[in-house]
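Chemist: I'm passing along final-v3.cif; it holds mmCIF, C-alpha atoms and all ligand atoms.
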data_structure
#
loop_
_atom_site.label_atom_id
_atom_site.label_comp_id
_atom_site.auth_asym_id
_atom_site.auth_seq_id
_atom_site.Cartn_x
_atom_site.Cartn_y
_atom_site.Cartn_z
CA MET A 903 106.81 83.18 94.58
CA THR A 904 103.14 83.56 93.59
CA LYS A 905 102.98 84.88 90.07
CA PRO A 906 100.49 87.55 89.07
CA ARG A 907 97.20 85.97 88.06
CA LEU A 908 96.19 86.84 84.54
CA THR A 909 92.71 87.21 83.09
CA ILE A 910 92.54 87.79 79.35
CA VAL A 911 89.27 89.19 78.04
CA ALA A 912 88.07 90.11 74.58
CA ASP A 913 88.26 93.89 74.62
CA PRO A 914 88.55 97.04 76.78
CA ASP A 915 84.83 96.93 77.67
CA ALA A 916 85.14 93.41 79.01
CA ALA A 917 88.26 94.46 80.94
CA ALA A 918 86.30 97.35 82.45
CA ARG A 919 83.49 95.01 83.53
CA GLN A 920 85.95 92.53 85.02
CA ALA A 921 87.73 95.24 87.01
CA ALA A 922 84.37 96.67 88.13
CA ASP A 923 83.44 93.19 89.39
CA VAL A 924 86.62 93.11 91.50
CA ILE A 925 85.95 96.57 92.93
CA GLY A 926 82.27 95.81 93.50
CA ASN A 927 83.16 92.66 95.38
CA LEU A 928 85.67 94.53 97.52
CA ILE A 929 83.15 97.27 98.37
CA LYS A 930 80.53 94.67 99.27
CA HIS A 931 82.83 92.96 101.75
CA HIS A 932 84.73 96.05 102.83
CA PRO A 933 82.50 99.14 102.53
CA ASN A 934 85.20 101.50 103.80
CA ALA A 935 88.01 100.08 101.68
CA CYS A 936 90.95 102.27 100.72
CA LEU A 937 91.78 102.35 97.02
CA ILE A 938 94.64 103.68 94.93
CA LEU A 939 93.27 104.94 91.61
CA PRO A 940 94.94 105.74 88.27
CA THR A 941 94.00 108.12 85.49
CA GLY A 942 94.69 107.79 81.77
CA ARG A 943 92.90 106.21 78.83
CA THR A 944 92.81 102.71 80.31
CA PRO A 945 90.52 103.22 83.34
CA VAL A 946 87.95 105.42 81.57
CA GLY A 947 85.74 102.43 80.75
CA LEU A 948 86.07 101.09 84.28
CA TYR A 949 85.01 104.38 85.84
CA HIS A 950 82.05 104.52 83.45
CA GLU A 951 81.08 100.99 84.49
CA LEU A 952 81.32 101.91 88.18
CA VAL A 953 79.09 104.95 87.60
CA VAL A 954 76.52 102.81 85.77
CA ARG A 955 76.49 100.27 88.61
CA TYR A 956 76.20 103.05 91.19
CA GLN A 957 73.27 104.59 89.30
CA ALA A 958 71.61 101.16 89.19
CA GLY A 959 71.85 101.07 92.99
CA CYS A 960 74.43 98.25 93.02
CA LEU A 961 77.36 100.14 94.55
CA ASP A 962 77.73 102.40 97.56
CA PHE A 963 80.90 104.51 97.76
CA SER A 964 79.83 106.52 100.81
CA ALA A 965 82.56 105.15 103.07
CA ILE A 966 85.20 104.35 100.43
CA ARG A 967 88.50 106.21 100.65
CA THR A 968 90.57 106.90 97.52
CA PHE A 969 94.11 108.08 96.85
CA ASN A 970 95.06 108.95 93.32
CA LEU A 971 98.37 107.66 92.12
CA ASP A 972 99.70 110.88 90.76
CA GLU A 973 99.30 114.47 89.66
CA TRP A 974 101.23 116.86 87.43
CA VAL A 975 103.33 119.53 89.10
CA GLY A 976 102.10 123.06 88.43
CA ILE A 977 98.72 122.16 86.93
CA PRO A 978 95.70 123.38 88.97
CA PRO A 979 92.78 121.00 89.59
CA SER A 980 90.58 123.39 87.60
CA SER A 981 92.60 122.60 84.46
CA PRO A 982 91.22 119.86 82.19
CA SER A 983 94.81 118.58 81.93
CA SER A 984 95.00 117.82 85.64
CA TYR A 985 94.34 114.40 87.08
CA GLY A 986 92.11 115.93 89.74
CA TYR A 987 89.87 117.29 86.98
CA PHE A 988 89.93 113.91 85.22
CA MET A 989 88.77 112.15 88.39
CA ASP A 990 85.98 114.68 88.96
CA GLN A 991 84.76 114.20 85.40
CA HIS A 992 84.93 110.43 85.29
CA LEU A 993 84.13 109.33 88.83
CA PHE A 994 84.17 111.61 91.86
CA ARG A 995 81.22 113.81 90.91
CA LYS A 996 79.20 110.94 89.52
CA VAL A 997 79.04 108.62 92.52
CA ASN A 998 78.50 109.13 96.25
CA LEU A 999 82.18 109.31 97.17
CA ARG A 1000 82.59 111.94 99.89
CA PRO A 1001 84.92 114.75 98.78
CA GLU A 1002 86.84 114.51 102.04
CA ASN A 1003 87.56 110.84 101.29
CA CYS A 1004 89.02 111.49 97.83
CA HIS A 1005 92.69 112.41 97.75
CA VAL A 1006 94.78 113.66 94.85
CA PRO A 1007 98.34 114.90 95.40
CA ASN A 1008 98.60 118.70 95.28
CA GLY A 1009 100.92 119.54 92.42
CA LEU A 1010 100.64 123.23 93.29
CA ALA A 1011 102.05 122.85 96.82
CA ALA A 1012 104.70 125.41 97.71
CA ASP A 1013 106.81 122.64 99.23
CA LEU A 1014 106.43 119.55 97.07
CA GLU A 1015 108.55 117.33 99.31
CA LEU A 1016 106.37 118.22 102.26
CA GLU A 1017 103.25 117.53 100.20
CA CYS A 1018 104.59 114.07 99.31
CA ALA A 1019 105.37 113.28 102.94
CA ALA A 1020 101.91 114.47 104.03
CA TYR A 1021 100.24 112.39 101.29
CA GLU A 1022 102.16 109.32 102.37
CA ASP A 1023 101.14 109.98 106.01
CA GLN A 1024 97.49 110.21 104.94
CA ILE A 1025 97.73 106.82 103.21
CA GLN A 1026 99.26 105.26 106.32
CA ALA A 1027 96.69 106.98 108.57
CA ALA A 1028 93.94 105.48 106.40
CA GLY A 1029 95.24 102.06 107.43
CA GLY A 1030 97.11 101.33 104.22
CA VAL A 1031 95.68 100.36 100.88
CA ASP A 1032 93.26 97.50 100.29
CA LEU A 1033 93.42 97.63 96.51
CA ALA A 1034 95.77 99.48 94.19
CA LEU A 1035 94.40 99.79 90.71
CA LEU A 1036 97.13 100.45 88.15
CA GLY A 1037 97.62 101.11 84.46
CA ILE A 1038 100.95 100.56 82.74
CA GLY A 1039 102.93 102.97 80.61
CA GLN A 1040 104.58 101.88 77.37
CA ASN A 1041 107.94 102.08 79.15
CA GLY A 1042 106.69 99.96 82.05
CA HIS A 1043 105.96 102.81 84.45
CA ILE A 1044 103.33 102.48 87.16
CA GLY A 1045 102.07 105.80 88.45
CA PHE A 1046 104.93 108.10 87.49
CA ASN A 1047 107.50 105.59 88.69
CA GLU A 1048 109.56 105.74 85.54
CA PRO A 1049 112.31 103.30 84.52
CA GLY A 1050 115.16 103.46 87.03
CA THR A 1051 112.98 104.36 90.03
CA PRO A 1052 114.27 102.54 93.13
CA VAL A 1053 111.81 100.05 94.64
CA HIS A 1054 111.97 101.57 98.12
CA THR A 1055 110.37 104.87 97.06
CA CYS A 1056 107.30 106.24 98.81
CA THR A 1057 105.33 109.23 97.48
CA HIS A 1058 107.83 111.51 95.75
CA VAL A 1059 108.48 114.14 93.11
CA ALA A 1060 109.22 112.35 89.85
CA THR A 1061 110.81 113.48 86.61
CA VAL A 1062 108.53 112.49 83.76
CA ALA A 1063 110.24 110.41 81.04
CA PRO A 1064 110.23 111.77 77.46
CA LEU A 1065 108.05 108.88 76.22
CA THR A 1066 105.53 109.53 78.99
CA LYS A 1067 105.44 113.21 78.07
CA SER A 1068 104.73 112.39 74.45
CA THR A 1069 102.02 109.81 75.21
CA ASN A 1070 100.31 112.33 77.51
CA ALA A 1071 100.65 115.33 75.19
CA TYR A 1072 97.07 114.81 73.96
CA THR A 1073 95.76 116.04 77.32
CA PHE A 1074 97.70 119.32 77.09
CA GLY A 1075 96.76 120.52 73.60
CA GLU A 1076 99.22 123.23 72.61
CA SER A 1077 100.62 123.63 76.14
CA PRO A 1078 103.85 121.97 77.21
CA VAL A 1079 103.65 118.77 79.26
CA PRO A 1080 105.17 119.34 82.73
CA ASP A 1081 108.58 117.83 83.44
CA GLN A 1082 107.58 116.78 86.94
CA ALA A 1083 104.77 115.01 88.70
CA LEU A 1084 103.98 113.78 92.20
CA THR A 1085 103.51 110.05 92.45
CA ILE A 1086 102.83 107.36 94.98
CA GLY A 1087 106.04 105.32 95.04
CA ILE A 1088 106.75 101.70 94.32
CA ALA A 1089 107.13 100.75 97.99
CA THR A 1090 103.68 102.15 98.79
CA ILE A 1091 102.15 100.34 95.82
CA LEU A 1092 103.80 97.09 96.90
CA ALA A 1093 102.49 97.53 100.45
CA SER A 1094 98.91 97.40 99.10
CA ARG A 1095 97.04 94.29 100.15
CA ALA A 1096 95.90 93.60 96.59
CA ILE A 1097 96.83 95.02 93.19
CA VAL A 1098 94.92 95.00 89.91
CA LEU A 1099 96.84 95.97 86.79
CA LEU A 1100 94.70 96.87 83.79
CA ALA A 1101 96.22 96.73 80.32
CA THR A 1102 94.37 97.18 77.07
CA GLY A 1103 95.38 97.78 73.48
CA ALA A 1104 98.16 96.56 71.21
CA ASP A 1105 100.43 99.43 72.27
CA LYS A 1106 100.78 97.69 75.67
CA ALA A 1107 101.57 94.23 74.27
CA GLU A 1108 105.35 94.43 74.28
CA ILE A 1109 105.68 96.04 77.70
CA LEU A 1110 103.14 93.72 79.32
CA GLY A 1111 105.20 90.75 78.15
CA ARG A 1112 108.35 92.28 79.61
CA ALA A 1113 106.62 93.23 82.86
CA LEU A 1114 105.07 89.83 83.50
CA GLN A 1115 107.55 87.44 81.91
CA GLY A 1116 110.83 89.34 81.76
CA PRO A 1117 113.38 89.78 84.53
CA VAL A 1118 112.37 91.88 87.55
CA SER A 1119 114.28 95.10 86.98
CA PRO A 1120 113.99 98.79 87.86
CA GLU A 1121 114.20 99.38 84.10
CA VAL A 1122 110.68 97.95 83.85
CA PRO A 1123 109.02 99.24 87.03
CA ALA A 1124 105.88 97.10 86.59
CA SER A 1125 108.03 93.96 86.65
CA ILE A 1126 108.32 94.38 90.43
CA LEU A 1127 104.67 93.29 90.61
CA GLN A 1128 105.97 89.76 90.02
CA GLN A 1129 107.14 89.89 93.63
CA HIS A 1130 103.78 90.86 95.15
CA PRO A 1131 101.69 87.95 96.48
CA ASN A 1132 98.29 89.23 95.34
CA VAL A 1133 98.26 90.73 91.85
CA LEU A 1134 95.56 90.28 89.26
CA VAL A 1135 96.33 91.42 85.72
CA ILE A 1136 93.27 92.10 83.57
CA SER A 1137 94.30 92.35 79.95
CA ASP A 1138 92.42 92.42 76.70
CA VAL A 1139 93.50 90.12 73.87
CA ALA A 1140 95.43 92.88 72.13
CA ALA A 1141 97.56 93.75 75.18
CA ALA A 1142 98.12 90.06 75.93
CA SER A 1143 99.42 89.36 72.43
CA GLY A 1144 103.03 89.88 73.54
CA LEU A 1145 102.87 87.19 76.23
CA ARG A 1146 104.62 83.87 75.68
CA ALA A 1147 102.69 80.64 76.20
CA PRO A 1148 102.61 79.58 79.87
CA GLU A 1149 105.89 78.01 81.05
CA SER A 1150 104.07 74.79 81.87
CA LYS A 1151 103.39 74.25 78.18
CA GLU A 1152 106.85 75.37 77.13
CA SER A 1153 108.55 73.03 79.53
CA HIS A 1154 106.70 70.00 78.13
CA PRO A 1155 107.31 70.17 74.38
CA PRO A 1156 105.38 67.59 72.38
CA HIS A 1157 107.40 64.53 71.36
CA PRO A 1158 108.26 64.51 67.65
C1 LIG B 1 98.15 107.72 85.55
C2 LIG B 1 99.09 106.62 85.76
C3 LIG B 1 99.89 106.13 84.62
C4 LIG B 1 99.02 105.44 83.58
C5 LIG B 1 99.85 104.96 82.40
C6 LIG B 1 98.98 104.36 81.31
O1 LIG B 1 97.50 108.05 86.72
O2 LIG B 1 99.21 106.15 86.84
O3 LIG B 1 100.87 105.24 85.09
O4 LIG B 1 98.36 104.35 84.17
O5 LIG B 1 100.59 106.02 81.87
O6 LIG B 1 98.22 105.40 80.77
P1 LIG B 1 97.07 105.08 79.71
O7 LIG B 1 96.00 104.36 80.46
O8 LIG B 1 96.62 106.43 79.25
O9 LIG B 1 97.68 104.25 78.64
#
Kindly present the structure from the file in structure tokens form.
Modeler:
Amino acid sequence: MTKPRLTIVADPDAAARQAADVIGNLIKHHPNACLILPTGRTPVGLYHELVVRYQAGCLDFSAIRTFNLDEWVGIPPSSPSSYGYFMDQHLFRKVNLRPENCHVPNGLAADLELECAAYEDQIQAAGGVDLALLGIGQNGHIGFNEPGTPVHTCTHVATVAPLTKSTNAYTFGESPVPDQALTIGIATILASRAIVLLATGADKAEILGRALQGPVSPEVPASILQQHPNVLVISDVAAASGLRAPESKESHPPHP
């Protein structure tokens, strides 16, 4: 099995630049690539970097297609708490992505199951995903695939774990964090031709170690990435601080 490749950089800014290099390279060679995109604190620097490179004339998003990983149920895109709003603020409105090429699940749909099926169909109709960009939750979630999510899941309605609700409370102010979200599933993520996992900050150190070096288990959803043939993990030093030394070194202890 090919293990995820790991790049450790100094800080979140360097991680953002590294991830922007990967995306820039993809766009150069594949101008109509299809991307899965996350929200959250981690990719903010990356989106800023992409905007800067676009403004400098180095990137053209005019044929790029994007599918966001997830969206809260019951939160309209006009709300600053929604992921649609986040994407507009950080990327969509700031580069030449065409609105019709940017997809975010509709958490207001009358029939959420139908919305998930339609979203999944749109991803397949786009020809599948060239690059899935992921963050990681402190409990190992990817998208809203929380611990215990079966690996065969496609886009579905997810119950948000208590830890995830508390780490996202800052985006809701005084309002309650929804119990449910729509998320691209693990099977769809794994079907992506390439995956980049971004992890920054000491609060990701423990879970990154478990995801990359622990057993593959539904209890740590990101650990399934160990089974994908083309994963690049971009981590800053703080997030990488929970990783053990490479096995190659461990298996050859120095002679006393
Ligand atoms: C959000 C998403 C989540 C986040 C994760 C980390 O679209 O997919 O899985 O990537 O919760 O969030 P941050 O980056 O805020 O630590």
Chemist: Tell me, as a VMD selection string, which residues lie within 12 Å of A:Ala958, counting only C-alpha atoms; anything in the same chain fewer than 6 positions away does not count.
Modeler: chain A and resid 951 to 952 997
Chemist: Collect all residues with atoms no farther than 7 Å from ligand LIG 1 (chain B), counting only C-alpha atoms and all ligand atoms, and output them as a ChimeraX atom specification.
Modeler: /A:940-945,971-972,1036-1039,1043-1046,1066
Chemist: Tell me, as a PyMOL selection string, which residues lie within 7 Å of A:Val1098, counting all atoms listed in the file; anything in the same chain fewer than 5 positions away does not count.
Modeler: chain A and resi 1034-1036+1133-1135
Chemist: Just write the chosen residues, C-alpha atoms, as a CSV table (one decimal), in the coordinates of the input.
Modeler:
chain,number,residue,atom,x,y,z
A,1034,ALA,CA,95.8,99.5,94.2
A,1035,LEU,CA,94.4,99.8,90.7
A,1036,LEU,CA,97.1,100.4,88.2
A,1133,VAL,CA,98.3,90.7,91.8
A,1134,LEU,CA,95.6,90.3,89.3
A,1135,VAL,CA,96.3,91.4,85.7
Chemist: Smallest atom-to-atom distance to A:Ser1143: which of A:Leu1110, A:Ala1089, A:Leu1033, A:Val1122, using all atoms listed in the file?
Modeler: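 Selected residue with least distance to A:Ser1143: A:Leu1110.
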Chemist: Rounded to one decimal in Å, what is the spacing between atom CA of A:Leu1114 and atom CA of A:Pro906?
Modeler: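 Those two atoms sit 7.6 Å apart.
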Chemist: Can you find the residues with an atom no farther than 8 Å from (108.1, 105.8, 87.5), counting all atoms listed in the file, and report them as a VMD selection string?
Modeler: chain A and resid 1043 to 1051 1060 1062 1085 1087 1123
Chemist: Using only C-alpha atoms for the distances, tell me which of A:Val953, A:Ala1071, A:His931, A:Cys1018 is nearest to A:Gln991.
Modeler: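 Under the stated criterion, the closest residue is A:Val953.
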Chemist: Would you list the residues near (93.9, 90.7, 79.7) (no more than 6 Å away, in the coordinates of the file, using all atoms listed in the file) as a PyMOL selection string?
Modeler: chain A and resi 909-911+1136-1139+1142
Chemist: Env of A:Ala1012: 12 Å cut, atoms = only C-alpha atoms, seq-sep filter 4 positions within chain, self excluded. Answer as a PyMOL selection string.
Modeler: chain A and resi 975-976+1008+1016-1018
Chemist: Go ahead and save the picked residues with C-alpha atoms, as a CSV table (one decimal), in the coordinates of the input.
Modeler:
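Saved to out_38.csv:
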chain,number,residue,atom,x,y,z
A,975,VAL,CA,103.3,119.5,89.1
A,976,GLY,CA,102.1,123.1,88.4
A,1008,ASN,CA,98.6,118.7,95.3
A,1016,LEU,CA,106.4,118.2,102.3
A,1017,GLU,CA,103.2,117.5,100.2
A,1018,CYS,CA,104.6,114.1,99.3
Chemist: Which of these, A:Lys996, A:Leu939, A:Leu961, A:Leu1065, has the shortest distance to A:Asp923 once you count only C-alpha atoms?
Modeler: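 The answer is A:Leu961, which sits nearest to A:Asp923.
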Chemist: Might you pull out every residue within 10 Å of A:Phe988, with all atoms listed in the file counted and same-chain residues fewer than 4 positions away left off, and present them as a list in words?
Modeler: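 Neighbouring residues, sequence-local ones excluded: Thr941, Gly942, Val946, Pro979, Ser980, Ser981, Pro982, Ser983, Ser984, His992, Leu993 and Phe994 of chain A.
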Chemist: Do a neighbour search on stretch 1053-1056 of chain A at 8 Å with all atoms listed in the file, toss out local chain neighbours closer than 4 positions, and write the hits as a list in words.
Modeler: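 Neighbouring residues, sequence-local ones excluded: Glu1022, Ile1086, Gly1087, Ile1088, Ala1089, Thr1090, Pro1120 and Ile1126 of chain A.
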Chemist: Using all atoms listed in the file, can you tell me which of A:Lys1106, A:Arg967, A:His1058, A:Arg1095 comes closest to A:Pro1007?
Modeler: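 Closest residue, counting all atoms listed in the file: A:His1058.
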Chemist: Given only C-alpha atoms as the basis, pick out the residue of A:Ala1020, A:Arg955, A:Asn998, A:Asn970 nearest to A:Gly986.
Modeler: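 Among A:Ala1020, A:Arg955, A:Asn998, A:Asn970, it is A:Asn970 that comes nearest to A:Gly986.
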Chemist: Using 4 Å of padding on each side, determine the axis-aligned box around all atoms of stretch 925-941 of chain A present in the file and give its centre and edge lengths in Å to one decimal, as JSON.
Modeler:
{"center_x": 87.7, "center_y": 100.4, "center_z": 94.6, "size_x": 22.4, "size_y": 23.5, "size_z": 26.3}
Chemist: Could you jot down the atom CA of A:Val1079 to atom CA of A:His1005 separation for me, Å, one decimal place?
Modeler: 22.4 Å
Chemist: Atom CA of A:Asp990 and atom CA of A:Gln1040, how far apart in Å?
Modeler: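 Computing the Euclidean distance for atom CA of A:Gln1040 and atom CA of A:Asp990 yields 25.4 Å.
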Chemist: Considering all atoms listed in the file, state which residue in the set A:Leu1100, A:Thr1061, A:Val1006, A:Leu1092 is at the smallest distance from A:Ala922.
Modeler: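 Checking each of A:Leu1100, A:Thr1061, A:Val1006, A:Leu1092 against A:Ala922, counting all atoms listed in the file, the winner is A:Leu1100.
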